[in-house]
$ cat model15.pdb   # PDB, C-alpha atoms
ATOM      1  CA  MET A 280      11.374 -16.393 -14.864
ATOM      2  CA  GLU A 281       9.025 -14.634 -12.560
ATOM      3  CA  ARG A 282       7.191 -16.303  -9.712
ATOM      4  CA  HIS A 283       5.055 -13.751  -8.011
ATOM      5  CA  GLY A 284       7.557 -11.886  -9.953
ATOM      6  CA  VAL A 285      10.625 -14.084  -9.434
ATOM      7  CA  ASN A 286      12.891 -14.100 -12.499
ATOM      8  CA  SER A 287      15.500 -16.426 -13.951
ATOM      9  CA  SER A 288      15.708 -20.180 -13.157
ATOM     10  CA  LEU A 289      15.456 -22.689 -10.328
ATOM     11  CA  GLU A 290      17.668 -25.769 -10.165
ATOM     12  CA  THR A 291      15.742 -28.834  -8.933
ATOM     13  CA  GLY A 292      18.276 -31.646  -8.754
ATOM     14  CA  ALA A 293      18.880 -32.663 -12.362
ATOM     15  CA  ALA A 294      15.977 -30.569 -13.582
ATOM     16  CA  ARG A 295      16.156 -26.852 -14.322
ATOM     17  CA  VAL A 296      12.972 -24.803 -14.287
ATOM     18  CA  ARG A 297      12.916 -21.895 -16.700
ATOM     19  CA  ARG A 298      10.092 -19.434 -17.287
ATOM     20  CA  VAL A 299       9.671 -17.897 -20.688
ATOM     21  CA  PRO A 300       7.705 -14.605 -20.792
ATOM     22  CA  HIS A 301       4.224 -15.438 -22.009
ATOM     23  CA  VAL A 302       1.220 -13.292 -21.084
ATOM     24  CA  ARG A 303      -2.197 -14.790 -21.736
ATOM     25  CA  ARG A 304      -5.560 -13.052 -22.077
ATOM     26  CA  ALA A 305      -6.389 -14.058 -18.476
ATOM     27  CA  VAL A 306      -3.304 -12.240 -17.250
ATOM     28  CA  ALA A 307      -4.310  -9.049 -19.062
ATOM     29  CA  LEU A 308      -7.836  -9.233 -17.634
ATOM     30  CA  SER A 309      -6.410  -9.810 -14.140
ATOM     31  CA  ALA A 310      -4.219  -6.712 -14.415
ATOM     32  CA  LEU A 311      -7.199  -4.645 -15.572
ATOM     33  CA  ALA A 312      -9.291  -5.891 -12.639
ATOM     34  CA  ALA A 313      -6.533  -4.976 -10.182
ATOM     35  CA  ALA A 314      -6.376  -1.436 -11.548
ATOM     36  CA  ILE A 315     -10.128  -1.046 -11.146
ATOM     37  CA  VAL A 316     -10.290  -2.550  -7.638
ATOM     38  CA  PHE A 317      -7.410  -0.635  -6.045
ATOM     39  CA  ALA A 318      -7.103   3.132  -6.062
ATOM     40  CA  PRO A 319      -4.361   4.236  -3.615
ATOM     41  CA  PRO A 320      -5.105   7.072  -1.174
ATOM     42  CA  ALA A 321      -3.869  10.530  -2.165
ATOM     43  CA  ASP A 322      -1.063  10.449   0.425
ATOM     44  CA  ALA A 323       0.087   6.927  -0.466
ATOM     45  CA  ALA A 324       3.338   6.059  -2.223
ATOM     46  CA  THR A 325       3.792   3.060  -4.511
ATOM     47  CA  LYS A 326       7.303   1.656  -4.686
ATOM     48  CA  LYS A 327       8.215  -0.666  -7.560
ATOM     49  CA  HIS A 328      10.856  -3.243  -6.700
ATOM     50  CA  LYS A 329      12.929  -5.898  -8.399
ATOM     51  CA  VAL A 330      14.347  -7.463  -5.254
ATOM     52  CA  PRO A 331      17.675  -9.322  -5.776
ATOM     53  CA  LEU A 332      17.546 -12.801  -4.229
ATOM     54  CA  THR A 333      20.191 -15.413  -3.548
ATOM     55  CA  CYS A 334      18.544 -18.843  -3.533
ATOM     56  CA  SER A 335      19.603 -22.221  -2.187
ATOM     57  CA  LYS A 336      18.646 -23.625  -5.605
ATOM     58  CA  GLY A 337      19.054 -21.796  -8.899
ATOM     59  CA  GLY A 338      21.418 -19.010  -7.888
ATOM     60  CA  ASP A 339      20.453 -15.345  -8.185
ATOM     61  CA  GLN A 340      16.815 -14.414  -8.852
ATOM     62  CA  LEU A 341      14.671 -11.274  -9.007
ATOM     63  CA  HIS A 342      11.373 -10.867  -7.125
ATOM     64  CA  SER A 343       9.206  -8.147  -8.688
ATOM     65  CA  ILE A 344       6.504  -6.448  -6.597
ATOM     66  CA  ASP A 345       4.788  -3.089  -6.182
ATOM     67  CA  VAL A 346       4.214  -2.023  -2.562
ATOM     68  CA  THR A 347       1.863   0.811  -1.584
ATOM     69  CA  ALA A 348       1.649   2.450   1.857
ATOM     70  CA  PRO A 349       0.939   5.988   3.099
ATOM     71  CA  ASP A 350       3.789   8.480   3.329
ATOM     72  CA  ARG A 351       2.521   9.509   6.784
ATOM     73  CA  ALA A 352       0.401   7.938   9.534
ATOM     74  CA  ALA A 353      -0.618   9.407  12.881
ATOM     75  CA  GLN A 354       0.436   7.796  16.142
ATOM     76  CA  GLY A 355      -2.345   5.442  17.257
ATOM     77  CA  SER A 356      -3.863   5.164  13.783
ATOM     78  CA  LYS A 357      -4.058   2.165  11.458
ATOM     79  CA  TYR A 358      -2.823   2.111   7.886
ATOM     80  CA  THR A 359      -3.022  -0.323   4.995
ATOM     81  CA  VAL A 360      -0.164  -1.960   3.096
ATOM     82  CA  HIS A 361      -1.086  -3.105  -0.429
ATOM     83  CA  VAL A 362       1.112  -5.430  -2.526
ATOM     84  CA  ASP A 363       0.782  -6.240  -6.246
ATOM     85  CA  GLY A 364       2.640  -8.998  -8.068
ATOM     86  CA  TYR A 365       3.489  -9.656 -11.726
ATOM     87  CA  PRO A 366       2.679 -12.395 -14.285
ATOM     88  CA  SER A 367       4.866 -15.483 -14.002
ATOM     89  CA  GLY A 368       5.319 -16.233 -17.663
ATOM     90  CA  LYS A 369       5.019 -19.805 -18.924
ATOM     91  CA  ILE A 370       6.520 -22.422 -16.593
ATOM     92  CA  GLU A 371       8.285 -25.115 -18.546
ATOM     93  CA  HIS A 372      11.253 -27.478 -18.496
ATOM     94  CA  ALA A 373      11.828 -31.122 -19.290
ATOM     95  CA  GLY A 374      11.266 -33.184 -16.167
ATOM     96  CA  LEU A 375       9.256 -30.574 -14.265
ATOM     97  CA  ASN A 376       5.877 -31.698 -12.932
ATOM     98  CA  HIS A 377       4.722 -28.618 -11.056
ATOM     99  CA  ILE A 378       5.615 -25.879  -8.572
ATOM    100  CA  HIS A 379       3.752 -25.058  -5.369
ATOM    101  CA  ASP A 380       3.906 -23.324  -1.987
ATOM    102  CA  MET A 381       5.333 -19.986  -3.103
ATOM    103  CA  ASP A 382       5.791 -18.054   0.137
ATOM    104  CA  ALA A 383       6.940 -14.447   0.659
ATOM    105  CA  GLU A 384       7.622 -13.093   4.172
ATOM    106  CA  TYR A 385       7.358  -9.416   5.131
ATOM    107  CA  VAL A 386       8.783  -8.037   8.387
ATOM    108  CA  VAL A 387       6.304  -5.933  10.380
ATOM    109  CA  PRO A 388       8.049  -2.595  11.088
ATOM    110  CA  ALA A 389       9.258  -1.835  14.605
ATOM    111  CA  GLY A 390       6.815   0.650  16.119
ATOM    112  CA  THR A 391       3.748  -1.050  14.649
ATOM    113  CA  LYS A 392       1.433  -3.939  15.463
ATOM    114  CA  PHE A 393      -0.236  -6.243  12.950
ATOM    115  CA  VAL A 394      -3.997  -5.749  13.090
ATOM    116  CA  ASP A 395      -5.587  -9.147  13.750
ATOM    117  CA  GLY A 396      -7.771 -10.355  10.898
ATOM    118  CA  SER A 397      -6.658  -7.609   8.511
ATOM    119  CA  GLY A 398      -4.757  -9.803   6.056
ATOM    120  CA  LYS A 399      -6.795 -10.381   2.909
ATOM    121  CA  ILE A 400      -6.625 -11.247  -0.749
ATOM    122  CA  VAL A 401      -8.014  -8.455  -2.945
ATOM    123  CA  PRO A 402     -11.093  -9.780  -4.802
ATOM    124  CA  GLY A 403     -10.934  -9.789  -8.585
ATOM    125  CA  THR A 404      -7.131  -9.922  -8.769
ATOM    126  CA  GLY A 405      -4.783 -12.705  -9.819
ATOM    127  CA  THR A 406      -5.537 -15.713 -11.992
ATOM    128  CA  PRO A 407      -7.965 -18.354 -10.662
ATOM    129  CA  ASN A 408      -5.341 -21.116 -10.582
ATOM    130  CA  VAL A 409      -3.650 -19.408  -7.598
ATOM    131  CA  ALA A 410      -6.122 -16.811  -6.306
ATOM    132  CA  LYS A 411      -8.667 -19.362  -5.046
ATOM    133  CA  THR A 412      -6.327 -20.790  -2.396
ATOM    134  CA  ALA A 413      -4.030 -17.801  -1.729
ATOM    135  CA  GLN A 414      -3.493 -16.908   1.940
ATOM    136  CA  VAL A 415      -2.269 -13.956   3.996
ATOM    137  CA  PHE A 416      -1.397 -14.645   7.627
ATOM    138  CA  PHE A 417       0.695 -13.267  10.488
ATOM    139  CA  GLU A 418       3.377 -15.364  12.198
ATOM    140  CA  LYS A 419       3.526 -13.801  15.653
ATOM    141  CA  GLU A 420       6.727 -15.560  16.779
ATOM    142  CA  LYS A 421       8.718 -14.091  13.897
ATOM    143  CA  GLY A 422       6.774 -10.865  13.478
ATOM    144  CA  THR A 423       6.283 -11.554   9.774
ATOM    145  CA  VAL A 424       3.343 -11.431   7.381
ATOM    146  CA  HIS A 425       3.211 -14.371   4.961
ATOM    147  CA  PHE A 426       1.767 -14.290   1.455
ATOM    148  CA  LEU A 427       1.347 -17.950   0.500
ATOM    149  CA  LEU A 428       0.328 -19.519  -2.809
ATOM    150  CA  PRO A 429      -0.123 -23.233  -2.009
ATOM    151  CA  ALA A 430      -1.668 -24.154  -5.390
ATOM    152  CA  LYS A 431       0.080 -26.494  -7.802
ATOM    153  CA  ILE A 432       1.054 -24.824 -11.054
ATOM    154  CA  GLU A 433       1.614 -27.499 -13.665
ATOM    155  CA  ALA A 434       4.427 -27.362 -16.198
ATOM    156  CA  GLY A 435       3.225 -25.416 -19.238
ATOM    157  CA  GLU A 436       0.943 -23.141 -17.210
ATOM    158  CA  SER A 437       1.376 -19.541 -16.098
ATOM    159  CA  TYR A 438      -0.167 -17.498 -13.312
ATOM    160  CA  THR A 439      -0.493 -14.041 -11.841
ATOM    161  CA  PRO A 440      -0.551 -13.767  -8.038
ATOM    162  CA  PRO A 441      -3.486 -11.865  -6.568
ATOM    163  CA  SER A 442      -2.945  -8.561  -4.827
ATOM    164  CA  PHE A 443      -3.103  -8.624  -1.041
ATOM    165  CA  GLU A 444      -3.406  -6.201   1.867
ATOM    166  CA  PHE A 445      -2.920  -6.020   5.599
ATOM    167  CA  GLN A 446      -3.172  -3.307   8.242
ATOM    168  CA  LEU A 447      -0.682  -2.037  10.796
ATOM    169  CA  GLU A 448      -1.382  -0.045  13.954
ATOM    170  CA  VAL A 449       1.104   2.724  14.736
ATOM    171  CA  THR A 450       2.624   2.532  18.233
ATOM    172  CA  ALA A 451       5.803   4.553  17.621
ATOM    173  CA  ALA A 452       6.217   8.196  18.639
ATOM    174  CA  PRO A 453       5.863  11.001  16.087
ATOM    175  CA  GLY A 454       8.949  11.520  13.948
ATOM    176  CA  ASN A 455       9.835   7.835  13.676
ATOM    177  CA  ASP A 456      10.038   6.058  10.322
ATOM    178  CA  LEU A 457       8.230   2.749   9.870
ATOM    179  CA  LEU A 458      10.090   0.621   7.325
ATOM    180  CA  LEU A 459       8.439  -2.447   5.789
ATOM    181  CA  LYS A 460      10.913  -5.092   4.618
ATOM    182  CA  LEU A 461      10.969  -8.388   2.708
ATOM    183  CA  SER A 462      12.789 -11.074   4.704
ATOM    184  CA  ARG A 463      12.493 -14.269   2.638
ATOM    185  CA  TYR A 464      10.979 -15.963  -0.394
ATOM    186  CA  SER A 465      10.635 -19.705  -0.940
ATOM    187  CA  ILE A 466       9.187 -22.058  -3.552
ATOM    188  CA  VAL A 467       8.828 -25.827  -3.961
ATOM    189  CA  ALA A 468       9.386 -27.479  -7.358
ATOM    190  CA  ASN A 469       8.376 -31.067  -8.087
ATOM    191  CA  ALA A 470      10.434 -32.776 -10.768
ATOM    192  CA  VAL A 471      10.717 -36.286 -12.188
ATOM    193  CA  VAL A 472      13.023 -38.564 -10.137
ATOM    194  CA  VAL A 473      13.907 -35.981  -7.441
ATOM    195  CA  GLY A 474      10.348 -35.151  -6.363
ATOM    196  CA  ASP A 475       9.855 -32.030  -4.230
ATOM    197  CA  THR A 476      12.784 -29.658  -3.848
ATOM    198  CA  LYS A 477      12.471 -26.461  -1.819
ATOM    199  CA  ALA A 478      14.453 -23.363  -2.686
ATOM    200  CA  VAL A 479      14.856 -20.728   0.044
ATOM    201  CA  CYS A 480      15.819 -17.277  -1.195
ATOM    202  CA  GLU A 481      17.353 -14.440   0.823
ATOM    203  CA  PRO A 482      17.134 -10.843  -0.410
ATOM    204  CA  LYS A 483      20.183  -8.634  -0.772
ATOM    205  CA  PRO A 484      20.368  -6.755   1.564
ATOM    206  CA  SER A 485      18.502  -8.896   4.066
ATOM    207  CA  PRO A 486      15.869  -7.938   5.025
ATOM    208  CA  TYR A 487      15.189  -5.790   1.973
ATOM    209  CA  PRO A 488      13.648  -2.283   2.479
ATOM    210  CA  LEU A 489      10.380  -1.756   0.584
ATOM    211  CA  VAL A 490       8.443   1.310   1.739
ATOM    212  CA  THR A 491       8.660   3.876   4.577
ATOM    213  CA  THR A 492       5.853   5.583   6.491
ATOM    214  CA  THR A 493       6.630   8.506   8.826
ATOM    215  CA  VAL A 494       4.746   8.806  12.129
ATOM    216  CA  THR A 495       2.961  12.111  12.754
ATOM    217  CA  LYS A 496       1.169  13.585  15.747
ATOM    218  CA  PRO A 497      -2.388  12.347  16.393
TER     219      PRO A 497
END
$ encode --input "model15.pdb" --output "structure tokens"
Amino acid sequence: MERHGVNSSLETGAARVRRVPHVRRAVALSALAAAIVFAPPADAATKKHKVPLTCSKGGDQLHSIDVTAPDRAAQGSKYTVHVDGYPSGKIEHAGLNHIHDMDAEYVVPAGTKFVDGSGKIVPGTGTPNVAKTAQVFFEKEKGTVHFLLPAKIEAGESYTPPSFEFQLEVTAAPGNDLLLKLSRYSIVANAVVVGDTKAVCEPKPSPYPLVTTTVTKP
């Protein structure tokens, strides 16, 4: 299964959540809208990832995302990180009520600062059942950017996460590499009898390298 691109299954007590690939018309329209809305800069690189995860429930998973950032950024400048997700496929299993609070954490690279207020959901992307309440925020204490989908996705439904962006200000000296990484993914499943069960997933390696930007002279 894929949740924001997470594959395979999630054990929730006695229940086992399994996603079967199933792309609806809404998913296709969402992907088309994303392609129209986002055109990466000429010097940007898009890295496609299937991040291996080890989860506290459900064993090994895969988290599929595309991450775009510039190859180079001048010292003192600001640059944009853009992340696209993938369709979930149909969410179904006997005993499952819903899933919610899908949360991915990205480590801000050393030598950069998160630009306050820059986190945003890209309009016109994702399916309405998650896009309406999706959030991007910075956790200063941990130095991580969160992409949170708090919406409840009922059993039998599918979804596509919206694309999101945030900006980083370059503080490192020229010649340094700024490496964005994924540090954690978590999801809550609600099942009959057991109720809410949270699975916390760690990437391998942890944190997982996503995209590198090299600092240049101003």
$ residues_near_point --input "model15.pdb" --point "(7.0, -10.5, -7.5)" --cutoff "12 Å" --atoms "only C-alpha atoms" --output "ChimeraX atom specification"
/A:280-286,327-332,340-346,362-368,381-384,426,438-442,461,464-465
$ atom_distance --input "model15.pdb" --atom1 "atom CA of Val467 of chain A" --atom2 "atom CA of Lys411 of chain A"
18.7 Å
$ residues_around --input "model15.pdb" --residues "Phe416 of chain A" --least-positions-apart "3" --cutoff "7 Å" --atoms "all atoms listed in the file" --output "short mmCIF file (atom, residue, chain, number, x, y, z; two decimals) with C-alpha atoms, in the frame of the given file"
data_model
loop_
_atom_site.label_atom_id
_atom_site.label_comp_id
_atom_site.auth_asym_id
_atom_site.auth_seq_id
_atom_site.Cartn_x
_atom_site.Cartn_y
_atom_site.Cartn_z
CA GLY A 398 -4.76 -9.80 6.06
CA VAL A 424 3.34 -11.43 7.38
CA HIS A 425 3.21 -14.37 4.96
CA PHE A 426 1.77 -14.29 1.46
#
$ resolve_selection --input "model15.pdb" --expression "the PyMOL selection byres ((chain A and resi 449) around 7)" --output "list of chain:residue names"
A:Gln354, A:Gly355, A:Ser356, A:Lys357, A:Gly390, A:Thr391, A:Lys392, A:Leu447, A:Glu448, A:Thr450, A:Ala451
$ axis_aligned_box --input "model15.pdb" --around "segment 459-476 of chain A" --padding-each-side "5 Å" --output "lines of an AutoDock Vina configuration file"
center_x = 11.1
center_y = -20.5
center_z = -3.2
size_x = 15.5
size_y = 46.1
size_z = 28.0
$ residues_near_point --input "model15.pdb" --point "(-6.2, -11.6, -6.1)" --cutoff "7 Å" --atoms "only C-alpha atoms" --output "CSV table (one decimal) with C-alpha atoms, in the coordinates of the input"
chain,number,residue,atom,x,y,z
A,400,ILE,CA,-6.6,-11.2,-0.7
A,401,VAL,CA,-8.0,-8.5,-2.9
A,402,PRO,CA,-11.1,-9.8,-4.8
A,403,GLY,CA,-10.9,-9.8,-8.6
A,404,THR,CA,-7.1,-9.9,-8.8
A,405,GLY,CA,-4.8,-12.7,-9.8
A,410,ALA,CA,-6.1,-16.8,-6.3
A,440,PRO,CA,-0.6,-13.8,-8.0
A,441,PRO,CA,-3.5,-11.9,-6.6
A,442,SER,CA,-2.9,-8.6,-4.8
A,443,PHE,CA,-3.1,-8.6,-1.0
$ closest_residue --input "model15.pdb" --among "A:Ala430, A:Thr333, A:Phe445, A:Ile378" --to "Thr347 of chain A" --atoms "only C-alpha atoms"
A:Phe445
$ residues_around --input "model15.pdb" --residues "Asp322 of chain A" --least-positions-apart "2" --cutoff "12 Å" --atoms "all atoms listed in the file" --output "PyMOL selection string"
chain A and resi 318-320+324-325+347-352+358-359+492-493
$ closest_residue --input "model15.pdb" --among "A:Ala470, A:Leu457, A:Val394, A:Val386" --to "Ala373 of chain A" --atoms "only C-alpha atoms"
A:Ala470
$ closest_residue --input "model15.pdb" --among "A:Lys326, A:Leu428, A:Gly422, A:Pro486" --to "Thr406 of chain A" --atoms "only C-alpha atoms"
A:Leu428
$ residues_around --input "model15.pdb" --residues "Tyr487 of chain A" --least-positions-apart "4" --cutoff "7 Å" --atoms "only C-alpha atoms" --output "list in words"
Lys460, Leu461, Ser462, Pro482 and Lys483 of chain A
